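*Asks:* Structure supplied as input-v9.pdb; contents: PDB, C-alpha atoms.
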```pdb
MODEL        1
ATOM      1  CA  MET A   1     -15.796 -19.706  46.923
ATOM      2  CA  ARG A   2     -17.023 -23.332  47.067
ATOM      3  CA  PRO A   3     -15.241 -25.351  49.840
ATOM      4  CA  PRO A   4     -13.238 -28.464  48.874
ATOM      5  CA  GLU A   5     -15.184 -31.723  48.957
ATOM      6  CA  HIS A   6     -13.042 -33.129  51.795
ATOM      7  CA  TRP A   7     -13.898 -30.187  53.989
ATOM      8  CA  HIS A   8     -16.842 -31.323  56.162
ATOM      9  CA  LEU A   9     -18.808 -28.514  57.692
ATOM     10  CA  ARG A  10     -19.506 -28.775  61.347
ATOM     11  CA  ARG A  11     -22.902 -27.786  62.696
ATOM     12  CA  ARG A  12     -21.493 -26.470  65.887
ATOM     13  CA  ARG A  13     -19.932 -23.477  64.111
ATOM     14  CA  SER A  14     -21.755 -20.376  65.124
ATOM     15  CA  ASN A  15     -24.025 -18.379  62.816
ATOM     16  CA  ARG A  16     -21.769 -15.424  63.478
ATOM     17  CA  HIS A  17     -18.807 -17.304  62.077
ATOM     18  CA  TRP A  18     -20.674 -18.088  58.840
ATOM     19  CA  TRP A  19     -21.904 -14.504  58.561
ATOM     20  CA  ALA A  20     -18.274 -13.330  58.665
ATOM     21  CA  ILE A  21     -17.244 -15.805  55.960
ATOM     22  CA  GLY A  22     -20.195 -14.780  53.772
ATOM     23  CA  ALA A  23     -19.440 -11.089  54.164
ATOM     24  CA  GLY A  24     -15.796 -11.664  53.311
ATOM     25  CA  GLY A  25     -16.719 -13.637  50.198
ATOM     26  CA  ALA A  26     -19.096 -10.918  49.077
ATOM     27  CA  LEU A  27     -16.363  -8.319  49.514
ATOM     28  CA  VAL A  28     -13.943 -10.369  47.387
ATOM     29  CA  PHE A  29     -16.621 -10.748  44.674
ATOM     30  CA  ILE A  30     -17.236  -6.972  44.618
ATOM     31  CA  VAL A  31     -13.507  -6.208  44.318
ATOM     32  CA  ILE A  32     -13.147  -8.665  41.415
ATOM     33  CA  LEU A  33     -16.246  -7.273  39.703
ATOM     34  CA  VAL A  34     -14.979  -3.686  39.948
ATOM     35  CA  ALA A  35     -11.570  -4.699  38.581
ATOM     36  CA  VAL A  36     -13.113  -6.491  35.606
ATOM     37  CA  CYS A  37     -15.430  -3.587  34.784
ATOM     38  CA  SER A  38     -12.670  -1.001  35.029
ATOM     39  CA  SER A  39     -10.437  -2.948  32.628
ATOM     40  CA  GLY A  40     -13.163  -3.881  30.177
ATOM     41  CA  GLY A  41     -11.932  -1.828  27.213
ATOM     42  CA  GLY A  42     -13.884   1.391  26.991
ATOM     43  CA  ASP A  43     -14.073   3.562  23.920
ATOM     44  CA  ASP A  44     -10.517   4.801  24.413
ATOM     45  CA  ALA A  45      -9.028   1.301  24.328
ATOM     46  CA  PRO A  46      -8.181   0.565  20.688
ATOM     47  CA  PRO A  47      -9.981  -2.640  19.693
ATOM     48  CA  THR A  48      -7.735  -4.554  17.355
ATOM     49  CA  SER A  49      -8.727  -7.395  15.101
ATOM     50  CA  VAL A  50      -7.525  -9.535  12.291
ATOM     51  CA  VAL A  51     -10.639  -9.600  10.164
ATOM     52  CA  ALA A  52     -11.650 -12.059   7.469
ATOM     53  CA  PRO A  53     -13.250 -10.299   4.488
ATOM     54  CA  ALA A  54     -16.471 -11.304   2.817
ATOM     55  CA  THR A  55     -14.776 -13.314   0.067
ATOM     56  CA  ALA A  56     -11.484 -14.538  -1.327
ATOM     57  CA  CYS A  57      -9.928 -15.510   2.014
ATOM     58  CA  PRO A  58      -9.571 -18.893   3.746
ATOM     59  CA  ALA A  59     -11.735 -19.520   6.786
ATOM     60  CA  ASP A  60      -8.730 -20.388   8.959
ATOM     61  CA  GLY A  61      -7.321 -16.865   9.140
ATOM     62  CA  CYS A  62      -7.136 -14.518   6.188
ATOM     63  CA  GLY A  63      -3.683 -13.103   5.746
ATOM     64  CA  LEU A  64      -2.082 -14.790   8.744
ATOM     65  CA  SER A  65       1.223 -16.530   8.258
ATOM     66  CA  GLN A  66       0.759 -20.249   7.708
ATOM     67  CA  GLY A  67       0.995 -22.238  10.910
ATOM     68  CA  ALA A  68       0.098 -19.310  13.171
ATOM     69  CA  GLU A  69      -1.943 -20.572  16.115
ATOM     70  CA  GLU A  70      -3.454 -17.233  17.090
ATOM     71  CA  PRO A  71      -3.707 -13.665  15.755
ATOM     72  CA  PRO A  72      -0.577 -11.560  16.196
ATOM     73  CA  PRO A  73      -0.595  -8.775  18.807
ATOM     74  CA  ALA A  74      -2.031  -5.338  18.180
ATOM     75  CA  VAL A  75      -0.112  -2.909  16.004
ATOM     76  CA  LEU A  76       0.704   0.155  18.108
ATOM     77  CA  ILE A  77      -0.013   3.370  16.191
ATOM     78  CA  THR A  78      -1.144   6.887  17.071
ATOM     79  CA  GLY A  79      -4.099   6.797  14.681
ATOM     80  CA  ARG A  80      -7.693   6.422  15.775
ATOM     81  CA  SER A  81      -8.423   3.815  13.092
ATOM     82  CA  ALA A  82      -6.518   1.841  10.486
ATOM     83  CA  ALA A  83      -6.828  -0.864   7.863
ATOM     84  CA  ILE A  84      -4.512  -3.037   5.793
ATOM     85  CA  LEU A  85      -5.737  -4.497   2.496
ATOM     86  CA  GLU A  86      -4.350  -7.067   0.095
ATOM     87  CA  ALA A  87      -4.427  -5.029  -3.100
ATOM     88  CA  SER A  88      -4.891  -7.906  -5.535
ATOM     89  CA  CYS A  89      -8.378  -8.695  -4.220
ATOM     90  CA  GLY A  90      -9.218  -6.113  -1.552
ATOM     91  CA  ALA A  91      -9.030  -8.598   1.319
ATOM     92  CA  LEU A  92      -8.895  -6.993   4.758
ATOM     93  CA  LEU A  93      -5.808  -8.286   6.530
ATOM     94  CA  TYR A  94      -5.942  -6.161   9.676
ATOM     95  CA  GLY A  95      -8.063  -3.465  11.224
ATOM     96  CA  GLN A  96      -8.286  -1.125  14.193
ATOM     97  CA  ARG A  97     -11.741   0.454  14.417
ATOM     98  CA  GLU A  98     -11.714   0.046  10.649
ATOM     99  CA  ARG A  99     -15.487   0.608  10.325
ATOM    100  CA  GLU A 100     -15.675   3.716  12.514
ATOM    101  CA  ARG A 101     -16.937   6.821  10.696
ATOM    102  CA  LEU A 102     -14.378   9.614  10.840
ATOM    103  CA  PRO A 103     -13.520  12.770   8.845
ATOM    104  CA  PRO A 104     -11.119  12.015   5.971
ATOM    105  CA  ALA A 105      -9.755  15.528   5.289
ATOM    106  CA  SER A 106      -8.116  15.660   1.846
ATOM    107  CA  LEU A 107      -8.403  11.910   1.328
ATOM    108  CA  THR A 108     -11.761  13.055  -0.049
ATOM    109  CA  LYS A 109      -9.852  14.103  -3.165
ATOM    110  CA  ILE A 110      -9.180  10.456  -4.010
ATOM    111  CA  MET A 111     -12.861  10.060  -4.847
ATOM    112  CA  THR A 112     -12.896  13.465  -6.561
ATOM    113  CA  ALA A 113     -10.215  12.231  -8.952
ATOM    114  CA  ILE A 114     -11.955   8.890  -9.528
ATOM    115  CA  VAL A 115     -15.259  10.535 -10.448
ATOM    116  CA  ALA A 116     -13.577  13.123 -12.680
ATOM    117  CA  ALA A 117     -11.689  10.436 -14.600
ATOM    118  CA  GLU A 118     -14.875   8.415 -14.996
ATOM    119  CA  HIS A 119     -17.086  11.248 -16.255
ATOM    120  CA  ALA A 120     -14.762  13.495 -18.269
ATOM    121  CA  ASP A 121     -12.011  13.516 -20.856
ATOM    122  CA  LEU A 122      -8.997  14.557 -18.802
ATOM    123  CA  THR A 123      -7.241  15.960 -21.860
ATOM    124  CA  ARG A 124      -9.973  18.573 -22.240
ATOM    125  CA  VAL A 125      -8.781  22.162 -21.806
ATOM    126  CA  VAL A 126     -10.919  24.347 -19.549
ATOM    127  CA  GLU A 127     -10.983  28.001 -18.557
ATOM    128  CA  VAL A 128     -10.547  28.475 -14.832
ATOM    129  CA  ASP A 129     -13.255  30.269 -12.848
ATOM    130  CA  VAL A 130     -11.957  29.657  -9.319
ATOM    131  CA  ASN A 131      -9.900  32.343  -7.601
ATOM    132  CA  SER A 132      -7.371  30.658  -5.321
ATOM    133  CA  ALA A 133      -6.580  33.835  -3.413
ATOM    134  CA  LEU A 134     -10.195  34.261  -2.343
ATOM    135  CA  LEU A 135     -10.406  30.577  -1.402
ATOM    136  CA  VAL A 136      -7.381  30.868   0.859
ATOM    137  CA  ILE A 137      -8.819  33.933   2.580
ATOM    138  CA  SER A 138     -12.246  32.389   3.126
ATOM    139  CA  THR A 139     -11.300  28.818   4.083
ATOM    140  CA  ASP A 140      -7.540  28.770   4.829
ATOM    141  CA  SER A 141      -7.213  26.204   2.034
ATOM    142  CA  THR A 142      -4.192  24.605   0.445
ATOM    143  CA  VAL A 143      -4.220  25.567  -3.234
ATOM    144  CA  MET A 144      -2.361  24.926  -6.484
ATOM    145  CA  GLY A 145      -2.607  28.619  -7.381
ATOM    146  CA  LEU A 146      -5.446  29.035  -9.863
ATOM    147  CA  ALA A 147      -6.635  32.385 -11.193
ATOM    148  CA  PRO A 148      -9.734  33.184 -13.264
ATOM    149  CA  GLY A 149      -9.144  33.071 -17.014
ATOM    150  CA  GLN A 150      -6.280  30.571 -16.979
ATOM    151  CA  GLN A 151      -6.391  27.826 -19.618
ATOM    152  CA  MET A 152      -5.378  24.308 -18.596
ATOM    153  CA  SER A 153      -6.345  20.689 -19.062
ATOM    154  CA  LEU A 154      -8.285  18.635 -16.574
ATOM    155  CA  VAL A 155      -5.234  16.410 -16.179
ATOM    156  CA  ASP A 156      -3.272  19.457 -14.975
ATOM    157  CA  LEU A 157      -6.029  20.101 -12.450
ATOM    158  CA  ILE A 158      -5.949  16.451 -11.345
ATOM    159  CA  HIS A 159      -2.217  16.795 -10.650
ATOM    160  CA  GLY A 160      -2.897  19.902  -8.582
ATOM    161  CA  LEU A 161      -5.640  18.000  -6.782
ATOM    162  CA  LEU A 162      -3.623  14.899  -5.887
ATOM    163  CA  LEU A 163      -0.069  16.222  -5.518
ATOM    164  CA  VAL A 164      -0.412  19.570  -3.737
ATOM    165  CA  SER A 165      -3.940  18.824  -2.491
ATOM    166  CA  GLY A 166      -5.356  21.982  -4.024
ATOM    167  CA  ASN A 167      -8.841  22.827  -2.837
ATOM    168  CA  ASP A 168      -9.059  25.253  -5.745
ATOM    169  CA  ALA A 169      -8.463  22.336  -8.115
ATOM    170  CA  ALA A 170     -11.179  20.317  -6.356
ATOM    171  CA  VAL A 171     -13.768  23.075  -6.781
ATOM    172  CA  GLU A 172     -12.790  23.736 -10.406
ATOM    173  CA  ILE A 173     -12.965  20.029 -11.272
ATOM    174  CA  ALA A 174     -16.335  19.647  -9.543
ATOM    175  CA  GLU A 175     -17.824  22.581 -11.443
ATOM    176  CA  GLU A 176     -16.356  21.547 -14.799
ATOM    177  CA  VAL A 177     -17.349  17.872 -14.564
ATOM    178  CA  GLY A 178     -20.588  18.075 -12.598
ATOM    179  CA  GLY A 179     -21.888  21.429 -13.771
ATOM    180  CA  THR A 180     -22.210  22.398 -10.118
ATOM    181  CA  VAL A 181     -20.376  21.260  -7.007
ATOM    182  CA  ALA A 182     -23.612  19.809  -5.606
ATOM    183  CA  ARG A 183     -24.197  17.625  -8.661
ATOM    184  CA  PHE A 184     -20.584  16.474  -8.620
ATOM    185  CA  VAL A 185     -20.884  15.493  -4.954
ATOM    186  CA  ASP A 186     -23.952  13.446  -5.891
ATOM    187  CA  LEU A 187     -21.762  11.573  -8.376
ATOM    188  CA  MET A 188     -19.204  10.966  -5.626
ATOM    189  CA  ASN A 189     -21.849   9.421  -3.380
ATOM    190  CA  LEU A 190     -23.198   7.311  -6.245
ATOM    191  CA  LYS A 191     -19.697   5.961  -6.827
ATOM    192  CA  ALA A 192     -19.310   5.213  -3.118
ATOM    193  CA  THR A 193     -22.537   3.206  -3.252
ATOM    194  CA  GLU A 194     -21.362   1.397  -6.380
ATOM    195  CA  LEU A 195     -18.163   0.374  -4.591
ATOM    196  CA  GLY A 196     -20.119  -0.894  -1.591
ATOM    197  CA  LEU A 197     -18.691   1.685   0.809
ATOM    198  CA  GLN A 198     -21.109   1.416   3.723
ATOM    199  CA  ASP A 199     -19.522   3.986   6.024
ATOM    200  CA  THR A 200     -18.781   6.807   3.583
ATOM    201  CA  HIS A 201     -20.656   9.974   2.671
ATOM    202  CA  TYR A 202     -19.422  13.053   0.820
ATOM    203  CA  SER A 203     -20.647  16.628   1.216
ATOM    204  CA  ASN A 204     -17.878  18.428  -0.688
ATOM    205  CA  ALA A 205     -15.120  17.680  -3.181
ATOM    206  CA  HIS A 206     -12.112  18.944  -1.192
ATOM    207  CA  GLY A 207     -12.364  17.468   2.307
ATOM    208  CA  LEU A 208     -12.767  20.497   4.562
ATOM    209  CA  ASP A 209     -14.471  19.459   7.795
ATOM    210  CA  ASP A 210     -18.233  19.022   7.602
ATOM    211  CA  ALA A 211     -20.621  16.965   9.720
ATOM    212  CA  GLU A 212     -21.924  15.171   6.623
ATOM    213  CA  LEU A 213     -18.448  14.261   5.345
ATOM    214  CA  TYR A 214     -17.119  10.994   6.714
ATOM    215  CA  THR A 215     -15.530   7.686   5.811
ATOM    216  CA  SER A 216     -13.904   4.729   7.556
ATOM    217  CA  ALA A 217     -10.379   3.369   7.399
ATOM    218  CA  TYR A 218     -11.690   0.314   5.559
ATOM    219  CA  ASP A 219     -13.726   2.326   3.051
ATOM    220  CA  ILE A 220     -10.992   4.834   2.267
ATOM    221  CA  ALA A 221      -8.460   2.042   1.762
ATOM    222  CA  LEU A 222     -10.834   0.517  -0.793
ATOM    223  CA  THR A 223     -11.213   3.943  -2.396
ATOM    224  CA  GLY A 224      -7.445   4.241  -2.683
ATOM    225  CA  LEU A 225      -7.365   0.794  -4.241
ATOM    226  CA  GLU A 226      -9.967   1.904  -6.788
ATOM    227  CA  LEU A 227      -7.795   4.874  -7.767
ATOM    228  CA  LEU A 228      -4.781   2.630  -8.266
ATOM    229  CA  GLU A 229      -6.838   0.469 -10.632
ATOM    230  CA  ASN A 230      -7.246   3.492 -12.919
ATOM    231  CA  PRO A 231      -4.422   3.638 -15.509
ATOM    232  CA  LEU A 232      -4.736   7.428 -15.801
ATOM    233  CA  LEU A 233      -4.668   8.194 -12.081
ATOM    234  CA  ALA A 234      -2.224   5.624 -10.682
ATOM    235  CA  PRO A 235       0.869   7.172 -12.334
ATOM    236  CA  ILE A 236      -0.067  10.606 -10.984
ATOM    237  CA  VAL A 237       0.035   9.641  -7.295
ATOM    238  CA  ALA A 238       3.409   7.950  -7.841
ATOM    239  CA  LYS A 239       5.052  11.190  -9.042
ATOM    240  CA  LYS A 240       7.213  13.322  -6.772
ATOM    241  CA  ARG A 241       6.700  16.397  -8.954
ATOM    242  CA  TYR A 242       4.908  17.568 -12.081
ATOM    243  CA  THR A 243       5.549  20.379 -14.520
ATOM    244  CA  ALA A 244       2.151  21.489 -15.742
ATOM    245  CA  ASN A 245       1.340  22.957 -19.128
ATOM    246  CA  TRP A 246       0.450  26.294 -17.592
ATOM    247  CA  SER A 247       2.129  29.423 -16.311
ATOM    248  CA  GLY A 248       2.117  28.398 -12.653
ATOM    249  CA  PRO A 249       4.886  26.832 -10.553
ATOM    250  CA  GLU A 250       6.078  23.228 -10.633
ATOM    251  CA  LEU A 251       3.839  20.985  -8.542
ATOM    252  CA  TRP A 252       5.436  18.863  -5.818
ATOM    253  CA  ASN A 253       3.815  15.850  -4.202
ATOM    254  CA  GLY A 254       3.106  16.486  -0.531
ATOM    255  CA  ASN A 255       3.217  12.757   0.265
ATOM    256  CA  GLU A 256       6.607  12.453   1.974
ATOM    257  CA  LEU A 257       6.315   8.677   2.126
ATOM    258  CA  LEU A 258       7.425   8.577  -1.520
ATOM    259  CA  GLY A 259      11.149   7.931  -1.351
ATOM    260  CA  LEU A 260      11.006   7.487   2.426
ATOM    261  CA  TYR A 261       9.694   3.919   2.502
ATOM    262  CA  PRO A 262      10.817   1.279  -0.032
ATOM    263  CA  GLY A 263       8.247   0.345  -2.637
ATOM    264  CA  ILE A 264       5.738   3.161  -2.051
ATOM    265  CA  VAL A 265       3.559   3.842  -5.112
ATOM    266  CA  GLY A 266       1.113   6.489  -3.707
ATOM    267  CA  VAL A 267      -1.606   7.388  -2.666
ATOM    268  CA  LYS A 268      -2.662  10.549  -0.673
ATOM    269  CA  ILE A 269      -2.363  12.457   2.595
ATOM    270  CA  GLY A 270      -4.695  14.863   4.364
ATOM    271  CA  PHE A 271      -5.057  17.116   7.383
ATOM    272  CA  THR A 272      -7.666  19.286   9.049
ATOM    273  CA  GLU A 273      -8.117  20.280  12.676
ATOM    274  CA  GLY A 274     -11.112  17.976  12.940
ATOM    275  CA  ALA A 275      -9.668  15.008  11.077
ATOM    276  CA  LYS A 276      -6.063  15.307  12.327
ATOM    277  CA  GLN A 277      -3.525  13.609  10.058
ATOM    278  CA  THR A 278      -4.811  11.056   7.541
ATOM    279  CA  ILE A 279      -3.153   8.851   4.941
ATOM    280  CA  VAL A 280      -3.724   6.128   2.388
ATOM    281  CA  ALA A 281      -0.507   4.495   1.183
ATOM    282  CA  ALA A 282       0.321   1.655  -1.178
ATOM    283  CA  ALA A 283       3.577  -0.302  -1.238
ATOM    284  CA  GLU A 284       4.940  -3.179  -3.299
ATOM    285  CA  ARG A 285       7.372  -6.004  -2.604
ATOM    286  CA  GLY A 286       7.936  -8.350  -5.489
ATOM    287  CA  GLU A 287       4.566  -9.249  -6.962
ATOM    288  CA  ARG A 288       2.657  -8.264  -3.830
ATOM    289  CA  ARG A 289       0.994  -4.916  -3.135
ATOM    290  CA  LEU A 290      -0.521  -3.736   0.155
ATOM    291  CA  ILE A 291      -2.779  -0.772   0.915
ATOM    292  CA  VAL A 292      -2.783   0.843   4.357
ATOM    293  CA  SER A 293      -4.979   3.635   5.690
ATOM    294  CA  VAL A 294      -4.875   5.634   8.912
ATOM    295  CA  LEU A 295      -7.411   8.187  10.174
ATOM    296  CA  GLY A 296      -7.127  10.503  13.179
ATOM    297  CA  SER A 297      -3.349  10.218  13.434
ATOM    298  CA  ASN A 298      -0.693  12.300  15.148
ATOM    299  CA  ALA A 299       2.111  10.708  13.091
ATOM    300  CA  ARG A 300       0.687   9.422   9.814
ATOM    301  CA  TYR A 301       3.976   8.466   8.146
ATOM    302  CA  SER A 302       5.231   6.553  11.158
ATOM    303  CA  ASP A 303       1.849   4.846  11.513
ATOM    304  CA  ALA A 304       1.752   3.840   7.848
ATOM    305  CA  MET A 305       5.285   2.444   7.939
ATOM    306  CA  THR A 306       4.544   0.546  11.153
ATOM    307  CA  LEU A 307       1.482  -1.053   9.571
ATOM    308  CA  LEU A 308       3.381  -1.990   6.420
ATOM    309  CA  ASP A 309       6.284  -3.457   8.399
ATOM    310  CA  TRP A 310       3.829  -5.501  10.449
ATOM    311  CA  ALA A 311       1.987  -6.769   7.371
ATOM    312  CA  TRP A 312       5.122  -7.849   5.503
ATOM    313  CA  LEU A 313       6.285  -9.750   8.579
ATOM    314  CA  ASN A 314       3.030 -11.295   9.791
ATOM    315  CA  THR A 315       0.881 -11.946   6.725
ATOM    316  CA  GLU A 316       1.021 -13.900   3.512
ATOM    317  CA  PRO A 317      -0.867 -13.243   0.269
ATOM    318  CA  ALA A 318      -4.549 -13.727   1.031
ATOM    319  CA  CYS A 319      -5.978 -13.772  -2.493
ATOM    320  CA  ASP A 320      -6.449 -16.562  -4.973
ATOM    321  CA  GLU A 321      -5.196 -16.454  -8.546
ATOM    322  CA  SER A 322      -8.468 -15.001  -9.838
ATOM    323  CA  GLY A 323      -7.533 -11.572  -8.472
ATOM    324  CA  LEU A 324     -11.153 -10.821  -7.581
ATOM    325  CA  LEU A 325     -11.732  -7.695  -5.505
ATOM    326  CA  GLY A 326     -12.850  -9.645  -2.477
ATOM    327  CA  GLY A 327     -13.158  -6.695  -0.115
ATOM    328  CA  ILE A 328     -16.051  -5.135  -2.046
ATOM    329  CA  GLU A 329     -19.339  -6.980  -1.807
TER
ENDMDL
END
```
Show me, as structure tokens, the structure contained in the file I just sent.
*Replies:*
Amino acid sequence: MRPPEHWHLRRRRSNRHWWAIGAGGALVFIVILVAVCSSGGGDDAPPTSVVAPATACPADGCGLSQGAEEPPPAVLITGRSAAILEASCGALLYGQRERERLPPASLTKIMTAIVAAEHADLTRVVEVDVNSALLVISTDSTVMGLAPGQQMSLVDLIHGLLLVSGNDAAVEIAEEVGGTVARFVDLMNLKATELGLQDTHYSNAHGLDDAELYTSAYDIALTGLELLENPLLAPIVAKKRYTANWSGPELWNGNELLGLYPGIVGVKIGFTEGAKQTIVAAAERGERRLIVSVLGSNARYSDAMTLLDWAWLNTEPACDESGLLGGIE
């Protein structure tokens, strides 16, 4: 510590006295240094940020309420990472580790549906090759209940994919649309590149854990937004149930947020041991729509509702009238 200017040092003080002062000062410095290092936000401390997207947002704080002098406090959730997007342009309003690469679980099926709708006529009737019973035995999968020889349309399979999260539907769609699962996965990765998803890679069509399957909260929120832009797919994820044109049971949507939170219009949930609970959800209030995503959660519905509540309270529409998808470069 530097002495005050009015404090005149006296030469007659002993060297021993100054050694004691110096040693004491060094000890204080070490204690402060240790305290700072120990509280410096390691990997377990959730970094939280209000992030301005690449385009379509003002430089003085994208999405913040007008007149706010500083970013609002962190949103407390159980998830490892999260993102909130302004749906009308894709602007990122809020993120927690939103660029971290994590397993998506069945959120993978969002891209599966997008690619299928882009490359095939969903009204086409196909003959099923996948055996759901064998898939359950071999992978402990959730299934819609397919059996070889069944006749159904691709749109029926898409409902089984998005509502009950059927891995059997994912495999059947991949084989029907791509010729092989591997070729279909290539189409998924091409679409991810087209959308500018920098932290996403697919290795299967269903979302079972794999080292080469990953996404980020930001990327998967954009993927959910892309699905909602599709007039064939958006109504599907908003349904609570679906009666298919086949001999199987009625399909119920596993997304419990529908009907639980006002204004929810989709999108998808997922779970694996490696990914934990995952969710992408969209909600509307008036003319405004928000997209939230959470990865690595212990309470996905609570996390999603917390993020939505925070966004309605603390942000204002961040997009201009052009409606450009500002979150995708």
*Asks:* Quick one: residues within 9 Å of (-20.2, 11.3, -7.6) (file frame), counting all atoms listed in the file, please, as a list of chain:residue names.
*Replies:*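 It turns out the residues near that spot are A:Met111, A:Thr112, A:Ile114, A:Val115, A:Ala116, A:Gly178, A:Arg183, A:Phe184, A:Val185, A:Asp186, A:Leu187, A:Met188, A:Asn189, A:Leu190, A:Lys191, A:Ala192, A:Tyr202.
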*Asks:* Write out as a PDB file with C-alpha atoms, in the coordinates of the input which residues come within 12 Å of A:His201 when counting only C-alpha atoms, dropping same-chain ones fewer than 3 positions away.
*Replies:*
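Final file, part.pdb:
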```
ATOM      1  CA  ARG A 101     -16.937   6.821  10.696  1.00  0.00           C
ATOM      2  CA  LEU A 102     -14.378   9.614  10.840  1.00  0.00           C
ATOM      3  CA  PRO A 103     -13.520  12.770   8.845  1.00  0.00           C
ATOM      4  CA  PRO A 104     -11.119  12.015   5.971  1.00  0.00           C
ATOM      5  CA  THR A 108     -11.761  13.055  -0.049  1.00  0.00           C
ATOM      6  CA  MET A 111     -12.861  10.060  -4.847  1.00  0.00           C
ATOM      7  CA  VAL A 185     -20.884  15.493  -4.954  1.00  0.00           C
ATOM      8  CA  ASP A 186     -23.952  13.446  -5.891  1.00  0.00           C
ATOM      9  CA  LEU A 187     -21.762  11.573  -8.376  1.00  0.00           C
ATOM     10  CA  MET A 188     -19.204  10.966  -5.626  1.00  0.00           C
ATOM     11  CA  ASN A 189     -21.849   9.421  -3.380  1.00  0.00           C
ATOM     12  CA  LEU A 190     -23.198   7.311  -6.245  1.00  0.00           C
ATOM     13  CA  LYS A 191     -19.697   5.961  -6.827  1.00  0.00           C
ATOM     14  CA  ALA A 192     -19.310   5.213  -3.118  1.00  0.00           C
ATOM     15  CA  THR A 193     -22.537   3.206  -3.252  1.00  0.00           C
ATOM     16  CA  GLY A 196     -20.119  -0.894  -1.591  1.00  0.00           C
ATOM     17  CA  LEU A 197     -18.691   1.685   0.809  1.00  0.00           C
ATOM     18  CA  GLN A 198     -21.109   1.416   3.723  1.00  0.00           C
ATOM     19  CA  ASN A 204     -17.878  18.428  -0.688  1.00  0.00           C
ATOM     20  CA  ALA A 205     -15.120  17.680  -3.181  1.00  0.00           C
ATOM     21  CA  GLY A 207     -12.364  17.468   2.307  1.00  0.00           C
ATOM     22  CA  ASP A 210     -18.233  19.022   7.602  1.00  0.00           C
ATOM     23  CA  ALA A 211     -20.621  16.965   9.720  1.00  0.00           C
ATOM     24  CA  GLU A 212     -21.924  15.171   6.623  1.00  0.00           C
ATOM     25  CA  LEU A 213     -18.448  14.261   5.345  1.00  0.00           C
ATOM     26  CA  TYR A 214     -17.119  10.994   6.714  1.00  0.00           C
ATOM     27  CA  THR A 215     -15.530   7.686   5.811  1.00  0.00           C
ATOM     28  CA  SER A 216     -13.904   4.729   7.556  1.00  0.00           C
ATOM     29  CA  ASP A 219     -13.726   2.326   3.051  1.00  0.00           C
ATOM     30  CA  ILE A 220     -10.992   4.834   2.267  1.00  0.00           C
TER      31      ILE A 220
END
```
*Asks:* When you count all atoms listed in the file, which of these residues is closest to A:Leu107: A:Ser293, A:Ser132, A:Ser302, A:Ser81?
*Replies:*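 Answer, going by the shortest atom-to-atom distance: A:Ser293.
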*Asks:* For a quick check of understanding, using all atoms listed in the file, which of A:Ser106, A:Thr278, A:Thr272, A:Asn314 has the smallest distance to A:Ala217?
*Replies:*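 Under the stated criterion, the closest residue is A:Thr278.
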*Asks:* For each of A:Asn245, A:Thr142, A:Thr223, A:Gln96, take the minimum atom-to-atom distance to A:Leu161, counting all atoms listed in the file, then give the residue where this is smallest.
*Replies:* A:Thr142
*Asks:* Quick one: apply the PyMOL selection byres ((chain A and resi 163-169) around 9) to the file and drop the selected residues here as a JSON list (two decimals) with C-alpha atoms, in the frame of the given file.
*Replies:*
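Okay, expr-v4.json is ready:
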```
[["chain", "number", "residue", "atom", "x", "y", "z"],
["A", 106, "SER", "CA", -8.12, 15.66, 1.85],
["A", 109, "LYS", "CA", -9.85, 14.10, -3.16],
["A", 130, "VAL", "CA", -11.96, 29.66, -9.32],
["A", 131, "ASN", "CA", -9.90, 32.34, -7.60],
["A", 132, "SER", "CA", -7.37, 30.66, -5.32],
["A", 135, "LEU", "CA", -10.41, 30.58, -1.40],
["A", 136, "VAL", "CA", -7.38, 30.87, 0.86],
["A", 141, "SER", "CA", -7.21, 26.20, 2.03],
["A", 142, "THR", "CA", -4.19, 24.60, 0.44],
["A", 143, "VAL", "CA", -4.22, 25.57, -3.23],
["A", 144, "MET", "CA", -2.36, 24.93, -6.48],
["A", 145, "GLY", "CA", -2.61, 28.62, -7.38],
["A", 146, "LEU", "CA", -5.45, 29.04, -9.86],
["A", 157, "LEU", "CA", -6.03, 20.10, -12.45],
["A", 158, "ILE", "CA", -5.95, 16.45, -11.34],
["A", 159, "HIS", "CA", -2.22, 16.80, -10.65],
["A", 160, "GLY", "CA", -2.90, 19.90, -8.58],
["A", 161, "LEU", "CA", -5.64, 18.00, -6.78],
["A", 162, "LEU", "CA", -3.62, 14.90, -5.89],
["A", 170, "ALA", "CA", -11.18, 20.32, -6.36],
["A", 171, "VAL", "CA", -13.77, 23.08, -6.78],
["A", 172, "GLU", "CA", -12.79, 23.74, -10.41],
["A", 173, "ILE", "CA", -12.96, 20.03, -11.27],
["A", 174, "ALA", "CA", -16.34, 19.65, -9.54],
["A", 205, "ALA", "CA", -15.12, 17.68, -3.18],
["A", 206, "HIS", "CA", -12.11, 18.94, -1.19],
["A", 207, "GLY", "CA", -12.36, 17.47, 2.31],
["A", 208, "LEU", "CA", -12.77, 20.50, 4.56],
["A", 236, "ILE", "CA", -0.07, 10.61, -10.98],
["A", 237, "VAL", "CA", 0.04, 9.64, -7.30],
["A", 239, "LYS", "CA", 5.05, 11.19, -9.04],
["A", 240, "LYS", "CA", 7.21, 13.32, -6.77],
["A", 241, "ARG", "CA", 6.70, 16.40, -8.95],
["A", 242, "TYR", "CA", 4.91, 17.57, -12.08],
["A", 251, "LEU", "CA", 3.84, 20.98, -8.54],
["A", 252, "TRP", "CA", 5.44, 18.86, -5.82],
["A", 253, "ASN", "CA", 3.82, 15.85, -4.20],
["A", 254, "GLY", "CA", 3.11, 16.49, -0.53],
["A", 255, "ASN", "CA", 3.22, 12.76, 0.26],
["A", 268, "LYS", "CA", -2.66, 10.55, -0.67],
["A", 269, "ILE", "CA", -2.36, 12.46, 2.60],
["A", 270, "GLY", "CA", -4.70, 14.86, 4.36]]
```
